[in-house]
Amino acid sequence: MKTDPPDPRLHALVEGIVRIAGGDLTTRIPHSGARDDVAAVIAGINLMADDLQTIYQELEERVESRTAMLRDAQVELERMALTDPLTQLANRTALNSALSHALAETSRGELPPALLVLDLDSFKGINDTLGHSAGDDVLRVISRRLQQAVRDTDTVARLGGDEFAVMLPKSNLVRARRVANRILKALGESLEIGDLRITCGTSIGLRVAEPGQSVDDLVMEADTAMYAAKAQPHSSIKVFEPALLYARRLQSVMITELREAIRQDQLTLHYQPVVELSTGRIEGVEALVRWNHPERGLLMPDSFIPLAEETGMIVDLGHWVLRNAVRQLRQWQQELNVDDKFNVRVNISTTELQNLDLIEHVRDILSETGVNAANLIVELTESMAINGGDVDQYSLSGLRRLGVQLEIDDFGTGYSSISYLRKLPVNVVKIDKSLIAGLGSDEEQSNFVAAVLHLIHACGLTAVAEGIETAEQAAELVRLGCASGQGYYFSRPVPAAQVEALVGPGNLRLG
């Protein structure tokens, strides 16, 4: 029997299916135009290939789109990892990378980079006074001014808080000084935040890299120079010198020693009498801390209080002062029979005021000693009383509820307005010694102090004058109506044993 020859379309069909299955979605099986089962299968396979090719193209486009999105996200993540979110400047990581590159170029014979480290001089006061939102606005303005003061090839970075850095590649000391002075001038100009005009100076540490120097050493030395600049009275530039490292190491040693001094009771209190001016009666004392250093002798507070504030030890130090001052008062009450109004004054810092344990600590020491809260006067600065946030006001209100008296210290150096005085939860105002200096010889100064006293009395508060050094000043204050005072004219701060000689029976008067 004769068989029909094989249909050539079947071979083409099989070959097309194999190629499509192998991934060649552009393959199409030719058809003869006949209308039979084979033609129907070929048409179906070709339609399926069309659909697969469309799906594949869509998938390719999606993958390409997702890949682009991932690539963009990766770029953005890398940018974020190297950028300060508030100012959009480079961050510390980016600065270190730029320094590493610049130092590598130096090893190949290029000029070394110079690093400027900057710290704003009065930024904390801006934050405390105007709030963190205004502080952020200031940082943004400062950032723009820094960028405008340098070249595009220089790296401007925010290191954190109010600390910035500028890296000048291929530089030298002359150019670096010139840039630092330009920055000092730019940041010294007042800036407007809302309706306010603010001046914010800066301290700059400068270090030109040495051959073979590491990034960490370069940053540390520029930072050391910045702290030396910050120790000077006004905005300034300090070029690094090796002697600064010794000072910084000494500071590090002092931190360790101060922590040990608080634990081992190396601290001591001296007391300056506060006198009723009209009679000379000693009505109380102000407790002032000293440090009996085992090697350096008796250290004054200005040599270690700033260090305590910078490191946060001021809270423990303040607790020590408060506890020992109140205990000493109790001892005098028991042994010397001082009158029931005899008081002790203790200074507290902003950090202490913001410590939520302050009220509990005061309550505990008063309970432990049995001292009446009214015999404890807590002194705080004008700015602390006026600019404090919610925590500060909570602490002040809590102290008042305990019955502790509050006193504004150094009045006349800041706000000194009747609107502030009327709102503040204080009992006593201490007039700053700078206002007392000219009394008795300068009529205009007497008139000014008279106005200050009138302001204090109009608010229903008691006035105390500090820094009284002459009989003429004391007499003039009595004439002007000032109730109380303290100063070297009456007594310098003295140890507790000498106070006992002053306030013992029959010896309660000075001047």
# chains A, B, ... in the order shown; residues from 1 in each chain; ligands from 1

$ residues_around --residues "A:Asp119" --least-positions-apart "6" --cutoff "6 Å" --atoms "only C-alpha atoms" --output "PyMOL selection string"
chain A and resi 162-163+202-203

$ select_by_dssp --residues "stretch 221-289 of chain A" --states "alpha helix (DSSP H)" --output "ChimeraX atom specification"
/A:221-230,242-263

$ write_last_selection --atoms "C-alpha atoms" --output "mmCIF file, in the first residue's frame"
data_model
loop_
_atom_site.group_PDB
_atom_site.id
_atom_site.type_symbol
_atom_site.label_atom_id
_atom_site.label_comp_id
_atom_site.auth_asym_id
_atom_site.auth_seq_id
_atom_site.Cartn_x
_atom_site.Cartn_y
_atom_site.Cartn_z
ATOM 1 C CA GLU A 221 45.199 67.657 66.945
ATOM 2 C CA ALA A 222 42.864 70.073 65.141
ATOM 3 C CA ASP A 223 40.270 69.383 67.834
ATOM 4 C CA THR A 224 42.845 70.061 70.550
ATOM 5 C CA ALA A 225 43.678 73.407 68.929
ATOM 6 C CA MET A 226 39.959 74.245 68.790
ATOM 7 C CA TYR A 227 39.569 73.692 72.534
ATOM 8 C CA ALA A 228 42.566 75.949 73.126
ATOM 9 C CA ALA A 229 40.897 78.623 70.969
ATOM 10 C CA LYS A 230 37.674 78.167 72.913
ATOM 11 C CA PRO A 242 52.644 70.142 70.523
ATOM 12 C CA ALA A 243 52.365 71.901 73.903
ATOM 13 C CA LEU A 244 48.577 71.811 73.505
ATOM 14 C CA LEU A 245 48.648 68.019 73.691
ATOM 15 C CA TYR A 246 50.209 68.221 77.132
ATOM 16 C CA ALA A 247 47.426 70.553 78.278
ATOM 17 C CA ARG A 248 44.818 68.155 76.938
ATOM 18 C CA ARG A 249 46.450 65.167 78.604
ATOM 19 C CA LEU A 250 46.556 67.164 81.825
ATOM 20 C CA GLN A 251 42.837 67.815 81.444
ATOM 21 C CA SER A 252 42.248 64.088 80.978
ATOM 22 C CA VAL A 253 44.191 63.408 84.173
ATOM 23 C CA MET A 254 42.190 66.108 85.963
ATOM 24 C CA ILE A 255 38.933 64.427 84.941
ATOM 25 C CA THR A 256 40.051 61.150 86.502
ATOM 26 C CA GLU A 257 41.331 62.902 89.615
ATOM 27 C CA LEU A 258 38.151 64.948 90.045
ATOM 28 C CA ARG A 259 36.009 61.831 89.851
ATOM 29 C CA GLU A 260 38.217 60.309 92.536
ATOM 30 C CA ALA A 261 38.099 63.517 94.607
ATOM 31 C CA ILE A 262 34.297 63.396 94.759
ATOM 32 C CA ARG A 263 34.404 59.751 95.870
#

$ residues_around --residues "stretch 435-440 of chain A" --least-positions-apart "2" --cutoff "8 Å" --atoms "only C-alpha atoms" --output "list in words"
Gly412, Ile431, Asp432, Lys433, Asp442, Glu443, Gln445, Ser446, Val449, Ala465, Glu466, Gly467, Ile468, Glu472, Gln473, Ala475, Glu476 and Leu477 of chain A

$ select_by_dssp --residues "stretch 70-295 of chain A" --states "strand (DSSP E)" --output "PyMOL selection string"
chain A and resi 114-120+155-160+163-168+191-193+196-198+202-208+236-239+267-276+281-293

$ write_last_selection --atoms "C-alpha atoms" --output "mmCIF file, in the first residue's frame"
data_model
loop_
_atom_site.group_PDB
_atom_site.id
_atom_site.type_symbol
_atom_site.label_atom_id
_atom_site.label_comp_id
_atom_site.auth_asym_id
_atom_site.auth_seq_id
_atom_site.Cartn_x
_atom_site.Cartn_y
_atom_site.Cartn_z
ATOM 1 C CA ALA A 114 44.783 71.495 56.304
ATOM 2 C CA LEU A 115 41.957 70.814 58.723
ATOM 3 C CA LEU A 116 39.901 73.450 60.513
ATOM 4 C CA VAL A 117 37.679 72.333 63.410
ATOM 5 C CA LEU A 118 35.069 74.894 64.489
ATOM 6 C CA ASP A 119 32.823 75.158 67.519
ATOM 7 C CA LEU A 120 30.141 77.850 67.905
ATOM 8 C CA THR A 155 35.067 69.718 52.195
ATOM 9 C CA VAL A 156 32.698 71.275 54.740
ATOM 10 C CA ALA A 157 31.375 68.830 57.338
ATOM 11 C CA ARG A 158 29.203 68.901 60.426
ATOM 12 C CA LEU A 159 30.714 66.701 63.105
ATOM 13 C CA GLY A 160 27.716 66.884 65.433
ATOM 14 C CA GLU A 163 30.859 71.471 65.795
ATOM 15 C CA PHE A 164 31.956 71.741 62.156
ATOM 16 C CA ALA A 165 35.082 71.002 60.140
ATOM 17 C CA VAL A 166 36.589 72.259 56.886
ATOM 18 C CA MET A 167 39.199 70.236 54.997
ATOM 19 C CA LEU A 168 41.402 72.200 52.591
ATOM 20 C CA LEU A 191 22.007 86.473 61.367
ATOM 21 C CA GLU A 192 18.237 86.740 61.392
ATOM 22 C CA ILE A 193 16.127 83.935 62.819
ATOM 23 C CA LEU A 196 15.398 88.041 65.989
ATOM 24 C CA ARG A 197 18.911 89.143 65.111
ATOM 25 C CA ILE A 198 21.544 86.823 66.581
ATOM 26 C CA THR A 202 33.157 80.685 66.687
ATOM 27 C CA SER A 203 36.412 79.156 67.881
ATOM 28 C CA ILE A 204 38.644 77.552 65.242
ATOM 29 C CA GLY A 205 41.432 75.026 65.645
ATOM 30 C CA LEU A 206 43.824 74.709 62.691
ATOM 31 C CA ARG A 207 46.191 71.878 61.847
ATOM 32 C CA VAL A 208 48.199 71.382 58.640
ATOM 33 C CA SER A 236 39.631 83.207 67.760
ATOM 34 C CA ILE A 237 41.872 80.905 65.726
ATOM 35 C CA LYS A 238 44.453 78.634 67.318
ATOM 36 C CA VAL A 239 47.109 76.808 65.310
ATOM 37 C CA LEU A 267 36.543 68.433 98.319
ATOM 38 C CA THR A 268 35.894 70.962 101.044
ATOM 39 C CA LEU A 269 33.525 73.867 101.558
ATOM 40 C CA HIS A 270 34.442 77.419 102.455
ATOM 41 C CA TYR A 271 31.741 79.806 103.596
ATOM 42 C CA GLN A 272 31.358 83.535 102.985
ATOM 43 C CA PRO A 273 29.149 85.352 105.508
ATOM 44 C CA VAL A 274 26.075 87.224 104.278
ATOM 45 C CA VAL A 275 25.468 90.239 106.496
ATOM 46 C CA GLU A 276 22.463 92.363 107.401
ATOM 47 C CA ARG A 281 24.498 90.783 111.898
ATOM 48 C CA ILE A 282 25.528 87.601 110.082
ATOM 49 C CA GLU A 283 22.286 86.187 108.707
ATOM 50 C CA GLY A 284 23.765 83.282 106.784
ATOM 51 C CA VAL A 285 26.595 82.031 104.602
ATOM 52 C CA GLU A 286 27.222 81.078 100.988
ATOM 53 C CA ALA A 287 28.841 77.667 100.528
ATOM 54 C CA LEU A 288 31.696 77.667 98.004
ATOM 55 C CA VAL A 289 33.473 74.466 97.019
ATOM 56 C CA ARG A 290 37.250 74.008 97.007
ATOM 57 C CA TRP A 291 39.383 71.016 96.051
ATOM 58 C CA ASN A 292 42.129 69.849 98.404
ATOM 59 C CA HIS A 293 44.263 68.349 95.645
#

$ atom_distance --atom1 "atom CA of A:Ala104" --atom2 "atom CA of A:Glu241"
23.1 Å

$ residues_around --residues "stretch 49-64 of chain A" --least-positions-apart "6" --cutoff "12 Å" --atoms "only C-alpha atoms" --output "PyMOL selection string"
chain A and resi 16-29+42-43+70-71

$ write_last_selection --atoms "C-alpha atoms" --output "PDB file, in the first residue's frame"
ATOM      1  CA  GLY A  16       9.986  25.857  15.970  1.00  0.00           C
ATOM      2  CA  ILE A  17       8.782  24.334  19.247  1.00  0.00           C
ATOM      3  CA  VAL A  18      12.361  23.313  20.137  1.00  0.00           C
ATOM      4  CA  ARG A  19      13.696  26.831  19.444  1.00  0.00           C
ATOM      5  CA  ILE A  20      10.891  28.538  21.405  1.00  0.00           C
ATOM      6  CA  ALA A  21      11.388  26.123  24.309  1.00  0.00           C
ATOM      7  CA  GLY A  22      15.098  26.998  24.190  1.00  0.00           C
ATOM      8  CA  GLY A  23      14.294  30.672  24.820  1.00  0.00           C
ATOM      9  CA  ASP A  24      14.234  32.103  21.299  1.00  0.00           C
ATOM     10  CA  LEU A  25      10.901  33.875  21.601  1.00  0.00           C
ATOM     11  CA  THR A  26      11.403  35.639  18.267  1.00  0.00           C
ATOM     12  CA  THR A  27      10.940  32.325  16.410  1.00  0.00           C
ATOM     13  CA  ARG A  28       7.749  31.984  14.380  1.00  0.00           C
ATOM     14  CA  ILE A  29       6.730  28.777  12.549  1.00  0.00           C
ATOM     15  CA  ILE A  42       1.142  26.225  14.046  1.00  0.00           C
ATOM     16  CA  ALA A  43      -1.105  29.275  14.491  1.00  0.00           C
ATOM     17  CA  LEU A  70      17.523  49.826  43.489  1.00  0.00           C
ATOM     18  CA  ARG A  71      20.514  51.612  41.981  1.00  0.00           C
TER      19      ARG A  71
END

$ atom_distance --atom1 "atom CA of A:Leu299" --atom2 "atom CA of A:Gly312"
19.3 Å

$ closest_residue --among "A:Val429, A:Val503, A:Ala474, A:Val321" --to "A:His457" --atoms "only C-alpha atoms"
A:Val429

$ decode --residues "stretch 218-250 of chain A" --atoms "C-alpha atoms" --output "PDB file, in the first residue's frame"
ATOM      1  CA  LEU A 218      45.053  64.933  62.399  1.00  0.00           C
ATOM      2  CA  VAL A 219      41.477  65.270  63.648  1.00  0.00           C
ATOM      3  CA  MET A 220      42.547  64.942  67.285  1.00  0.00           C
ATOM      4  CA  GLU A 221      45.199  67.657  66.945  1.00  0.00           C
ATOM      5  CA  ALA A 222      42.864  70.073  65.141  1.00  0.00           C
ATOM      6  CA  ASP A 223      40.270  69.383  67.834  1.00  0.00           C
ATOM      7  CA  THR A 224      42.845  70.061  70.550  1.00  0.00           C
ATOM      8  CA  ALA A 225      43.678  73.407  68.929  1.00  0.00           C
ATOM      9  CA  MET A 226      39.959  74.245  68.790  1.00  0.00           C
ATOM     10  CA  TYR A 227      39.569  73.692  72.534  1.00  0.00           C
ATOM     11  CA  ALA A 228      42.566  75.949  73.126  1.00  0.00           C
ATOM     12  CA  ALA A 229      40.897  78.623  70.969  1.00  0.00           C
ATOM     13  CA  LYS A 230      37.674  78.167  72.913  1.00  0.00           C
ATOM     14  CA  ALA A 231      39.513  78.894  76.163  1.00  0.00           C
ATOM     15  CA  GLN A 232      40.294  82.399  74.895  1.00  0.00           C
ATOM     16  CA  PRO A 233      37.835  85.238  75.676  1.00  0.00           C
ATOM     17  CA  HIS A 234      36.489  85.889  72.175  1.00  0.00           C
ATOM     18  CA  SER A 235      36.135  84.188  68.805  1.00  0.00           C
ATOM     19  CA  SER A 236      39.631  83.207  67.760  1.00  0.00           C
ATOM     20  CA  ILE A 237      41.872  80.905  65.726  1.00  0.00           C
ATOM     21  CA  LYS A 238      44.453  78.634  67.318  1.00  0.00           C
ATOM     22  CA  VAL A 239      47.109  76.808  65.310  1.00  0.00           C
ATOM     23  CA  PHE A 240      48.039  73.434  66.739  1.00  0.00           C
ATOM     24  CA  GLU A 241      51.324  73.165  68.612  1.00  0.00           C
ATOM     25  CA  PRO A 242      52.644  70.142  70.523  1.00  0.00           C
ATOM     26  CA  ALA A 243      52.365  71.901  73.903  1.00  0.00           C
ATOM     27  CA  LEU A 244      48.577  71.811  73.505  1.00  0.00           C
ATOM     28  CA  LEU A 245      48.648  68.019  73.691  1.00  0.00           C
ATOM     29  CA  TYR A 246      50.209  68.221  77.132  1.00  0.00           C
ATOM     30  CA  ALA A 247      47.426  70.553  78.278  1.00  0.00           C
ATOM     31  CA  ARG A 248      44.818  68.155  76.938  1.00  0.00           C
ATOM     32  CA  ARG A 249      46.450  65.167  78.604  1.00  0.00           C
ATOM     33  CA  LEU A 250      46.556  67.164  81.825  1.00  0.00           C
TER      34      LEU A 250
END
